[in-house]
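Enquirer: Hey, dropping input_34.tsv in here, TSV, C-alpha atoms:
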```tsv
chain	number	residue	atom	x	y	z
G	3	MET	CA	-11.32	-4.52	10.61
G	4	SER	CA	-9.81	-6.25	13.66
G	5	ILE	CA	-6.99	-8.68	12.90
G	6	ASP	CA	-4.72	-10.42	15.39
G	7	ASN	CA	-1.02	-10.06	14.56
G	8	PRO	CA	-1.43	-8.38	11.13
G	9	ILE	CA	1.49	-8.20	8.70
G	10	LEU	CA	0.58	-4.58	7.90
G	11	GLU	CA	-1.37	-2.00	9.86
G	12	VAL	CA	-2.19	1.63	9.11
G	13	ARG	CA	-3.52	3.93	11.83
G	14	GLY	CA	-4.91	7.40	11.17
G	15	LEU	CA	-2.71	7.99	8.15
G	16	LEU	CA	-2.64	11.56	6.89
G	17	LYS	CA	-0.66	12.98	4.01
G	18	SER	CA	-0.75	16.65	3.08
G	19	ILE	CA	1.33	18.84	0.80
G	20	ASP	CA	1.77	22.50	1.71
G	21	SER	CA	2.56	24.68	-1.30
G	22	GLY	CA	3.05	27.79	0.82
G	23	THR	CA	-0.24	29.37	-0.21
G	24	HIS	CA	-2.55	26.45	0.42
G	25	ARG	CA	-2.55	22.86	1.67
G	26	VAL	CA	-3.60	19.82	-0.35
G	27	ASP	CA	-4.85	16.86	1.71
G	28	ILE	CA	-4.09	13.64	-0.19
G	29	LEU	CA	-4.88	11.08	2.52
G	30	ARG	CA	-7.37	11.96	5.25
G	31	GLY	CA	-7.23	9.52	8.11
G	32	ILE	CA	-6.72	6.08	6.56
G	33	SER	CA	-6.88	3.11	8.94
G	34	PHE	CA	-6.88	-0.61	8.10
G	35	ALA	CA	-5.02	-3.84	8.80
G	36	VAL	CA	-3.95	-6.64	6.48
G	37	GLU	CA	-3.97	-10.29	7.51
G	38	ARG	CA	-0.91	-12.41	6.79
G	39	GLY	CA	-1.24	-14.20	3.45
G	40	GLN	CA	-4.14	-12.03	2.32
G	41	PHE	CA	-4.48	-10.58	-1.19
G	42	VAL	CA	-5.83	-7.02	-0.88
G	43	ALA	CA	-6.69	-4.91	-3.92
G	44	ILE	CA	-6.85	-1.12	-3.61
G	45	MET	CA	-8.97	0.75	-6.14
G	46	GLY	CA	-10.24	4.28	-6.60
G	47	PRO	CA	-10.42	7.06	-9.19
G	48	SER	CA	-7.35	9.05	-10.19
G	49	GLY	CA	-6.41	11.42	-7.40
G	50	SER	CA	-7.97	9.28	-4.68
G	51	GLY	CA	-4.59	8.67	-3.01
G	52	LYS	CA	-3.81	5.09	-4.10
G	53	SER	CA	-0.22	5.63	-5.22
G	54	THR	CA	0.51	7.92	-2.26
G	55	LEU	CA	-0.76	5.22	0.09
G	56	LEU	CA	1.41	2.55	-1.55
G	57	GLY	CA	4.49	4.78	-1.22
G	58	LEU	CA	3.78	5.24	2.49
G	59	LEU	CA	3.30	1.50	2.99
G	60	ALA	CA	6.70	0.94	1.39
G	61	GLY	CA	8.41	3.56	3.52
G	62	LEU	CA	9.29	5.54	0.39
G	63	ASP	CA	7.50	8.60	1.78
G	64	THR	CA	6.68	9.90	5.25
G	65	PRO	CA	3.11	10.57	6.43
G	66	SER	CA	2.09	13.95	7.79
G	67	ALA	CA	0.55	12.07	10.72
G	68	GLY	CA	-0.40	8.54	11.66
G	69	LYS	CA	1.43	5.22	11.78
G	70	VAL	CA	2.48	2.47	9.38
G	71	ILE	CA	3.30	-0.78	11.18
G	72	LEU	CA	5.05	-3.49	9.16
G	73	ASP	CA	5.35	-6.91	10.77
G	74	GLY	CA	5.03	-5.36	14.22
G	75	GLN	CA	7.48	-2.48	13.64
G	76	GLU	CA	6.54	1.17	13.18
G	77	ILE	CA	8.31	2.44	10.06
G	78	GLN	CA	7.21	6.05	9.64
G	79	ASP	CA	10.06	7.48	11.72
G	80	LEU	CA	12.87	5.12	10.68
G	81	ALA	CA	16.08	6.59	9.30
G	82	GLU	CA	16.44	5.97	5.57
G	83	ASP	CA	19.31	3.50	6.00
G	84	ASP	CA	17.28	1.47	8.50
G	85	MET	CA	14.22	1.64	6.25
G	86	ALA	CA	16.27	0.43	3.27
G	87	VAL	CA	17.43	-2.61	5.26
G	88	LEU	CA	13.85	-3.33	6.37
G	89	ARG	CA	12.54	-3.02	2.80
G	90	GLY	CA	15.19	-5.42	1.61
G	91	ARG	CA	14.09	-8.06	4.12
G	92	LYS	CA	10.35	-7.53	4.26
G	93	ILE	CA	9.03	-6.11	0.96
G	94	GLY	CA	9.03	-7.16	-2.69
G	95	PHE	CA	7.95	-4.69	-5.37
G	96	VAL	CA	6.20	-5.08	-8.72
G	97	PHE	CA	5.96	-1.88	-10.77
G	98	GLN	CA	3.86	-1.00	-13.80
G	99	SER	CA	7.03	-0.03	-15.71
G	100	TYR	CA	8.98	-3.21	-14.72
G	101	GLN	CA	12.04	-1.27	-13.43
G	102	LEU	CA	14.54	-3.81	-14.73
G	103	VAL	CA	18.21	-2.84	-15.02
G	104	PRO	CA	18.91	-2.75	-18.78
G	105	THR	CA	22.56	-3.87	-18.46
G	106	LEU	CA	21.68	-6.99	-16.47
G	107	THR	CA	20.34	-10.29	-17.80
G	108	ALA	CA	17.01	-11.70	-16.64
G	109	GLU	CA	18.78	-13.91	-14.10
G	110	GLU	CA	20.94	-11.03	-12.85
G	111	ASN	CA	17.88	-8.79	-12.47
G	112	VAL	CA	16.14	-11.43	-10.38
G	113	LEU	CA	19.25	-11.88	-8.25
G	114	LEU	CA	19.68	-8.14	-7.67
G	115	PRO	CA	17.85	-7.96	-4.29
G	116	LEU	CA	19.93	-10.88	-3.00
G	117	ASP	CA	23.15	-9.37	-4.36
G	118	LEU	CA	22.40	-6.13	-2.52
G	119	ALA	CA	21.86	-8.14	0.66
G	120	GLY	CA	25.07	-10.12	0.13
G	121	ASP	CA	23.24	-13.38	-0.61
G	122	GLY	CA	23.49	-13.48	-4.40
G	123	PHE	CA	25.68	-16.57	-4.72
G	124	ALA	CA	23.47	-18.63	-2.39
G	125	GLY	CA	20.33	-17.47	-4.23
G	126	ALA	CA	21.31	-18.48	-7.77
G	127	GLY	CA	19.25	-21.67	-7.68
G	128	ARG	CA	16.27	-19.82	-6.24
G	129	ALA	CA	16.44	-17.20	-9.03
G	130	ARG	CA	16.56	-19.81	-11.78
G	131	GLY	CA	13.77	-21.79	-10.18
G	132	LEU	CA	11.51	-18.74	-10.11
G	133	LEU	CA	12.32	-17.87	-13.74
G	134	GLU	CA	11.34	-21.42	-14.67
G	135	ARG	CA	8.08	-21.07	-12.72
G	136	VAL	CA	7.16	-17.90	-14.62
G	137	GLY	CA	7.87	-19.59	-17.96
G	138	LEU	CA	11.28	-18.08	-18.73
G	139	ALA	CA	13.55	-21.12	-18.48
G	140	ASP	CA	15.01	-20.26	-21.89
G	141	ARG	CA	15.53	-16.56	-21.10
G	142	PHE	CA	18.09	-16.63	-18.26
G	143	ASP	CA	20.75	-14.84	-20.33
G	144	HIS	CA	18.48	-12.41	-22.17
G	145	TYR	CA	18.63	-8.67	-21.50
G	146	PRO	CA	15.44	-6.61	-20.99
G	147	VAL	CA	15.65	-5.18	-24.52
G	148	GLN	CA	15.46	-8.76	-25.84
G	149	LEU	CA	12.26	-9.50	-23.89
G	150	SER	CA	8.64	-8.59	-24.58
G	151	GLY	CA	6.71	-6.48	-22.09
G	152	GLY	CA	5.00	-9.53	-20.67
G	153	GLU	CA	8.33	-11.33	-20.29
G	154	GLN	CA	9.89	-8.32	-18.57
G	155	GLN	CA	7.04	-8.19	-16.08
G	156	ARG	CA	7.46	-11.91	-15.37
G	157	VAL	CA	11.14	-11.24	-14.61
G	158	ALA	CA	9.97	-8.48	-12.26
G	159	LEU	CA	7.62	-10.94	-10.53
G	160	ALA	CA	10.47	-13.40	-9.99
G	161	ARG	CA	12.64	-10.59	-8.62
G	162	ALA	CA	9.90	-9.52	-6.17
G	163	PHE	CA	9.60	-13.03	-4.72
G	164	VAL	CA	13.26	-14.10	-4.78
G	165	GLY	CA	14.06	-12.98	-1.23
G	166	ARG	CA	10.91	-14.60	0.21
G	167	PRO	CA	9.58	-11.29	1.59
G	168	PRO	CA	6.44	-11.53	3.72
G	169	LEU	CA	4.85	-8.62	1.81
G	170	ILE	CA	4.55	-7.87	-1.91
G	171	LEU	CA	3.46	-4.39	-3.01
G	172	ALA	CA	2.30	-4.12	-6.62
G	173	ASP	CA	1.47	-0.89	-8.47
G	174	GLU	CA	-0.67	-1.46	-11.58
G	175	PRO	CA	1.37	-4.58	-12.54
G	176	THR	CA	-0.63	-5.21	-15.73
G	177	GLY	CA	-1.07	-1.56	-16.70
G	178	ASN	CA	1.44	-1.63	-19.58
G	179	LEU	CA	0.34	-4.99	-20.96
G	180	ASP	CA	-2.31	-6.09	-23.45
G	181	SER	CA	-5.23	-8.11	-22.08
G	182	ALA	CA	-3.75	-11.54	-22.89
G	183	ASN	CA	-0.35	-10.79	-21.34
G	184	GLY	CA	-2.01	-8.99	-18.45
G	185	LYS	CA	-4.10	-12.06	-17.62
G	186	HIS	CA	-1.04	-14.31	-17.85
G	187	VAL	CA	0.96	-12.08	-15.52
G	188	LEU	CA	-1.96	-11.87	-13.10
G	189	ASP	CA	-2.35	-15.65	-13.05
G	190	ILE	CA	1.36	-16.04	-12.25
G	191	LEU	CA	1.24	-13.33	-9.57
G	192	VAL	CA	-1.72	-14.95	-7.82
G	193	GLU	CA	-0.16	-18.44	-8.06
G	194	LEU	CA	3.15	-17.22	-6.62
G	195	ASN	CA	1.37	-15.33	-3.88
G	196	ARG	CA	-0.53	-18.45	-2.82
G	197	SER	CA	2.34	-20.91	-3.14
G	198	GLU	CA	4.88	-18.66	-1.43
G	199	GLY	CA	2.50	-17.74	1.40
G	200	THR	CA	3.14	-14.02	1.03
G	201	THR	CA	0.80	-11.11	1.58
G	202	LEU	CA	-0.10	-9.12	-1.55
G	203	VAL	CA	-1.29	-5.50	-1.58
G	204	LEU	CA	-2.05	-4.38	-5.11
G	205	VAL	CA	-3.12	-1.00	-6.52
G	206	THR	CA	-5.09	-1.23	-9.75
G	207	HIS	CA	-7.71	0.39	-11.98
G	208	ASN	CA	-8.53	-3.05	-13.42
G	209	ARG	CA	-11.75	-4.46	-11.96
G	210	GLU	CA	-11.08	-7.92	-13.38
G	211	LEU	CA	-7.74	-7.97	-11.60
G	212	ALA	CA	-9.26	-6.66	-8.35
G	213	ALA	CA	-11.94	-9.35	-8.48
G	214	ARG	CA	-9.22	-11.98	-7.94
G	215	ALA	CA	-8.38	-10.51	-4.53
G	216	ASP	CA	-9.56	-11.72	-1.13
G	217	ARG	CA	-10.55	-8.19	-0.21
G	218	LEU	CA	-11.20	-4.87	-1.95
G	219	VAL	CA	-10.42	-1.49	-0.37
G	220	THR	CA	-11.83	1.45	-2.33
G	221	LEU	CA	-10.49	4.98	-1.82
G	222	HIS	CA	-12.30	8.22	-2.62
G	223	ASP	CA	-10.96	11.71	-1.93
G	224	GLY	CA	-8.25	10.35	0.35
G	225	ARG	CA	-10.58	8.30	2.51
G	226	ILE	CA	-11.67	4.67	2.58
G	227	ALA	CA	-15.06	4.59	0.84
G	228	SER	CA	-15.50	0.83	1.29
G	229	ASP	CA	-13.62	-2.19	2.59
G	230	GLU	CA	-15.21	-5.49	1.68
G	231	PRO	CA	-14.25	-9.18	1.52
G	232	LEU	CA	-14.53	-10.78	-1.92
G	233	VAL	CA	-14.21	-14.42	-0.85
```
Could you write out this structure as structure tokens?

Expert:
Amino acid sequence: MSIDNPILEVRGLLKSIDSGTHRVDILRGISFAVERGQFVAIMGPSGSGKSTLLGLLAGLDTPSAGKVILDGQEIQDLAEDDMAVLRGRKIGFVFQSYQLVPTLTAEENVLLPLDLAGDGFAGAGRARGLLERVGLADRFDHYPVQLSGGEQQRVALARAFVGRPPLILADEPTGNLDSANGKHVLDILVELNRSEGTTLVLVTHNRELAARADRLVTLHDGRIASDEPLV
């Protein structure tokens, strides 16, 4: 797929693990590009390489070969400190298990990326505004243990968007939720993605969730089996 000035580009991505006695090929030459503002869903059976691919896109792992280009910059060879700074500016994360800090309130959890970047004080209004948008205006001072699973994931959504990153990476964001809460979280995620003008790359097993995307990339045995527009 040819895209001018993509936000994310992957070229010939390979990932192998060598146990000493044999080699396991997890990704086998993945190449694709993601248009700015696009919502891309990645699906595939267990073991197809979805989570490995997401980790490489986030710079949390290093490919065996190939390139990952984020907003025009190759990231696969960056030092960890440089990658951490780039992640802080360019990427928001939404995890299946929420990954909230239990000793911080909802508002403090949302502010955490800005605090780490030294912008926490200036971002207080932004954090509260996002919590209001996800329906948690009365939960600013609540700790994760005082929130339901759906509420915790909505805090995680607000945290992912608070720094206005150009790219959101989501790993099974509704996987721990019942169908009603999962649909609510998905609706909020899609609305935030559209209104904030971000790019969303989402890994999921949920076909209903994937159907909301602009584009579906399906992996099988570490390769792209199909790449099709949905809108």

Enquirer: List the spatial neighbours of G:Arg130 as a list in words - criterion: any atom at most 8 Å away, all atoms listed in the file, same-chain residues fewer than 3 positions off excluded.

Expert: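 Answer for this query is Glu109, Ala126, Gly127, Leu133, Glu134, Ala139 and Phe142 of chain G.
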
Enquirer: Next, dump the selected residues to file, keeping only C-alpha atoms, as a PDB file, in the frame of the given file.

Expert:
```pdb
ATOM      1  CA  GLU G 109      18.780 -13.910 -14.100  1.00  0.00           C
ATOM      2  CA  ALA G 126      21.310 -18.480  -7.770  1.00  0.00           C
ATOM      3  CA  GLY G 127      19.250 -21.670  -7.680  1.00  0.00           C
ATOM      4  CA  LEU G 133      12.320 -17.870 -13.740  1.00  0.00           C
ATOM      5  CA  GLU G 134      11.340 -21.420 -14.670  1.00  0.00           C
ATOM      6  CA  ALA G 139      13.550 -21.120 -18.480  1.00  0.00           C
ATOM      7  CA  PHE G 142      18.090 -16.630 -18.260  1.00  0.00           C
TER       8      PHE G 142
END
```

Enquirer: List the neighbours of G:Val147 out to 10 Å using all atoms listed in the file; skip same-chain residues closer than 2 positions along the sequence, and give me the result as a ChimeraX atom specification.

Expert: /G:102,104-105,107,144-145,149-151,154

Enquirer: Kindly export the residues of the current selection with C-alpha atoms, as an mmCIF file, keeping the file's coordinate frame.

Expert:
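Written out: again-v5.cif:
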```
data_model
loop_
_atom_site.group_PDB
_atom_site.id
_atom_site.type_symbol
_atom_site.label_atom_id
_atom_site.label_comp_id
_atom_site.auth_asym_id
_atom_site.auth_seq_id
_atom_site.Cartn_x
_atom_site.Cartn_y
_atom_site.Cartn_z
ATOM 1 C CA LEU G 102 14.540 -3.810 -14.730
ATOM 2 C CA PRO G 104 18.910 -2.750 -18.780
ATOM 3 C CA THR G 105 22.560 -3.870 -18.460
ATOM 4 C CA THR G 107 20.340 -10.290 -17.800
ATOM 5 C CA HIS G 144 18.480 -12.410 -22.170
ATOM 6 C CA TYR G 145 18.630 -8.670 -21.500
ATOM 7 C CA LEU G 149 12.260 -9.500 -23.890
ATOM 8 C CA SER G 150 8.640 -8.590 -24.580
ATOM 9 C CA GLY G 151 6.710 -6.480 -22.090
ATOM 10 C CA GLN G 154 9.890 -8.320 -18.570
#
```

Enquirer: Could you jot down the atom CA of G:Val219 to atom CA of G:Ile44 separation for me, Å, one decimal place?

Expert: 4.8 Å

Enquirer: Would you please work out which residue, of G:Leu191, G:Leu171, G:Gly74, G:Phe41, is nearest to G:Pro231 when using only C-alpha atoms?

Expert: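 Residue with the minimum atom-to-atom distance to G:Pro231: G:Phe41.
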
Enquirer: When distances are computed from all atoms listed in the file, which of G:Gly94, G:Gly120, G:Pro146, G:Gly22 shows the smallest separation from G:Leu159?

Expert: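 So, comparing all the options, the nearest one is G:Gly94.
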
Enquirer: Between atom CA of G:Leu16 and atom CA of G:Gln78, measure the distance and give it in Å to one decimal.

Expert: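 We find that atom CA of G:Leu16 and atom CA of G:Gln78 lie 11.6 Å from each other.
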
Enquirer: Using all atoms listed in the file for the distances, tell me which of G:Leu218, G:Leu106, G:Leu29, G:Ile71 is nearest to G:Ile9.

Expert: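 Residue with the minimum atom-to-atom distance to G:Ile9: G:Ile71.
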
Enquirer: In Å, with one decimal, what is the gap from atom CA of G:Arg89 to atom CA of G:Phe163?

Expert: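 Result for atom CA of G:Arg89 versus atom CA of G:Phe163: 12.9 Å, one decimal.
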
Enquirer: Can you tell me which residues surround G:Val12 at a distance of at most 9 Å, considering all atoms listed in the file, apart from same-chain residues fewer than 2 positions away, and format the answer as a CSV table (one decimal) with C-alpha atoms, in the coordinates of the input?

Expert:
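Written out: around.csv:
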```csv
chain,number,residue,atom,x,y,z
G,10,LEU,CA,0.6,-4.6,7.9
G,14,GLY,CA,-4.9,7.4,11.2
G,15,LEU,CA,-2.7,8.0,8.2
G,32,ILE,CA,-6.7,6.1,6.6
G,33,SER,CA,-6.9,3.1,8.9
G,34,PHE,CA,-6.9,-0.6,8.1
G,35,ALA,CA,-5.0,-3.8,8.8
G,36,VAL,CA,-4.0,-6.6,6.5
G,59,LEU,CA,3.3,1.5,3.0
G,68,GLY,CA,-0.4,8.5,11.7
G,69,LYS,CA,1.4,5.2,11.8
G,70,VAL,CA,2.5,2.5,9.4
G,71,ILE,CA,3.3,-0.8,11.2
G,72,LEU,CA,5.0,-3.5,9.2
```

Enquirer: Determine, counting all atoms listed in the file, which protein, DNA and RNA residues have an atom within 9 Å of an atom of G:Thr64; residues of the same chain fewer than 4 positions away are not included. Present the result as an mmCIF file with C-alpha atoms, keeping the file's coordinate frame.

Expert:
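Contents of result_4.cif, as written:
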```
data_model
loop_
_atom_site.group_PDB
_atom_site.id
_atom_site.type_symbol
_atom_site.label_atom_id
_atom_site.label_comp_id
_atom_site.auth_asym_id
_atom_site.auth_seq_id
_atom_site.Cartn_x
_atom_site.Cartn_y
_atom_site.Cartn_z
ATOM 1 C CA LYS G 17 -0.660 12.980 4.010
ATOM 2 C CA GLY G 57 4.490 4.780 -1.220
ATOM 3 C CA LEU G 58 3.780 5.240 2.490
ATOM 4 C CA GLN G 78 7.210 6.050 9.640
ATOM 5 C CA ASP G 79 10.060 7.480 11.720
#
```

Enquirer: Counting all atoms listed in the file, figure out which residue out of G:Leu132, G:Leu204, G:Glu210, G:Gln98 gets nearest to G:Gly152.

Expert: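 Under the stated criterion, the closest residue is G:Gln98.
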
Enquirer: So which residues touch G:Met85 within 8 Å, counting only C-alpha atoms, skipping near sequence neighbours fewer than 5 positions away, as a PDB file with C-alpha atoms, in the coordinates of the input?

Expert:
```
ATOM      1  CA  GLY G  61       8.410   3.560   3.520  1.00  0.00           C
ATOM      2  CA  ILE G  77       8.310   2.440  10.060  1.00  0.00           C
ATOM      3  CA  LEU G  80      12.870   5.120  10.680  1.00  0.00           C
TER       4      LEU G  80
END
```

Enquirer: At a cut-off of 10 Å from (-4.5, 19.1, 5.3) in the coordinates of the file, what residues are picked up using all atoms listed in the file, written as a PDB file with C-alpha atoms, keeping the file's coordinate frame?

Expert:
```pdb
ATOM      1  CA  LEU G  16      -2.640  11.560   6.890  1.00  0.00           C
ATOM      2  CA  LYS G  17      -0.660  12.980   4.010  1.00  0.00           C
ATOM      3  CA  SER G  18      -0.750  16.650   3.080  1.00  0.00           C
ATOM      4  CA  ILE G  19       1.330  18.840   0.800  1.00  0.00           C
ATOM      5  CA  ASP G  20       1.770  22.500   1.710  1.00  0.00           C
ATOM      6  CA  HIS G  24      -2.550  26.450   0.420  1.00  0.00           C
ATOM      7  CA  ARG G  25      -2.550  22.860   1.670  1.00  0.00           C
ATOM      8  CA  VAL G  26      -3.600  19.820  -0.350  1.00  0.00           C
ATOM      9  CA  ASP G  27      -4.850  16.860   1.710  1.00  0.00           C
ATOM     10  CA  ILE G  28      -4.090  13.640  -0.190  1.00  0.00           C
ATOM     11  CA  LEU G  29      -4.880  11.080   2.520  1.00  0.00           C
ATOM     12  CA  ARG G  30      -7.370  11.960   5.250  1.00  0.00           C
ATOM     13  CA  SER G  66       2.090  13.950   7.790  1.00  0.00           C
TER      14      SER G  66
END
```

Enquirer: Of the candidates G:Ala213, G:Ala182, G:Leu113, G:Ala60, which one gets nearest to G:Val233 if we count all atoms listed in the file?

Expert: G:Ala213

Enquirer: Choose the residue, out of G:Gly31, G:Pro115, G:Gly51, G:Pro8, that has the smallest atom-to-atom separation from G:Arg91; count only C-alpha atoms.

Expert: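 Among G:Gly31, G:Pro115, G:Gly51, G:Pro8, it is G:Pro115 that comes nearest to G:Arg91.
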
Enquirer: Starting from 3 Å padding per side, set up an axis-aligned box that covers all listed atoms of stretch 159-165 of chain G and hand over centre and edge lengths in Å, one decimal, as AutoDock Vina command-line options.

Expert:
```
--center_x 10.8 --center_y -11.8 --center_z -5.9 --size_x 12.4 --size_y 10.6 --size_z 15.3
```

Enquirer: Could you pull stretch 123-160 of chain G out of the structure just shown and give C-alpha atoms as a PDB file, in the first residue's frame?

Expert:
```pdb
ATOM      1  CA  PHE G 123       0.928  21.306  35.978  1.00  0.00           C
ATOM      2  CA  ALA G 124       0.077  22.770  32.564  1.00  0.00           C
ATOM      3  CA  GLY G 125      -1.900  19.634  31.641  1.00  0.00           C
ATOM      4  CA  ALA G 126      -4.266  19.518  34.620  1.00  0.00           C
ATOM      5  CA  GLY G 127      -7.146  21.074  32.685  1.00  0.00           C
ATOM      6  CA  ARG G 128      -6.554  18.743  29.750  1.00  0.00           C
ATOM      7  CA  ALA G 129      -6.643  15.683  32.054  1.00  0.00           C
ATOM      8  CA  ARG G 130      -9.904  16.726  33.694  1.00  0.00           C
ATOM      9  CA  GLY G 131     -11.441  17.560  30.346  1.00  0.00           C
ATOM     10  CA  LEU G 132     -10.642  14.101  29.002  1.00  0.00           C
ATOM     11  CA  LEU G 133     -12.012  12.402  32.125  1.00  0.00           C
ATOM     12  CA  GLU G 134     -15.224  14.359  31.627  1.00  0.00           C
ATOM     13  CA  ARG G 135     -15.366  13.275  27.980  1.00  0.00           C
ATOM     14  CA  VAL G 136     -15.082   9.600  28.939  1.00  0.00           C
ATOM     15  CA  GLY G 137     -17.868   9.975  31.512  1.00  0.00           C
ATOM     16  CA  LEU G 138     -15.785  10.129  34.695  1.00  0.00           C
ATOM     17  CA  ALA G 139     -16.373  13.703  35.837  1.00  0.00           C
ATOM     18  CA  ASP G 140     -17.297  12.407  39.300  1.00  0.00           C
ATOM     19  CA  ARG G 141     -14.297  10.047  39.572  1.00  0.00           C
ATOM     20  CA  PHE G 142     -11.314  12.442  39.531  1.00  0.00           C
ATOM     21  CA  ASP G 143     -10.242  11.506  43.070  1.00  0.00           C
ATOM     22  CA  HIS G 144     -11.028   7.789  42.925  1.00  0.00           C
ATOM     23  CA  TYR G 145      -8.257   5.183  43.019  1.00  0.00           C
ATOM     24  CA  PRO G 146      -8.229   2.228  40.581  1.00  0.00           C
ATOM     25  CA  VAL G 147      -9.487  -0.167  43.266  1.00  0.00           C
ATOM     26  CA  GLN G 148     -12.583   2.044  43.603  1.00  0.00           C
ATOM     27  CA  LEU G 149     -13.352   1.847  39.872  1.00  0.00           C
ATOM     28  CA  SER G 150     -14.983  -0.875  37.788  1.00  0.00           C
ATOM     29  CA  GLY G 151     -13.064  -2.499  34.944  1.00  0.00           C
ATOM     30  CA  GLY G 152     -14.855  -0.365  32.392  1.00  0.00           C
ATOM     31  CA  GLU G 153     -14.095   2.796  34.362  1.00  0.00           C
ATOM     32  CA  GLN G 154     -10.436   1.846  34.696  1.00  0.00           C
ATOM     33  CA  GLN G 155     -10.166   1.341  30.953  1.00  0.00           C
ATOM     34  CA  ARG G 156     -11.765   4.742  30.357  1.00  0.00           C
ATOM     35  CA  VAL G 157      -9.103   6.281  32.616  1.00  0.00           C
ATOM     36  CA  ALA G 158      -6.513   4.464  30.493  1.00  0.00           C
ATOM     37  CA  LEU G 159      -8.050   5.938  27.326  1.00  0.00           C
ATOM     38  CA  ALA G 160      -7.833   9.451  28.766  1.00  0.00           C
TER      39      ALA G 160
END
```
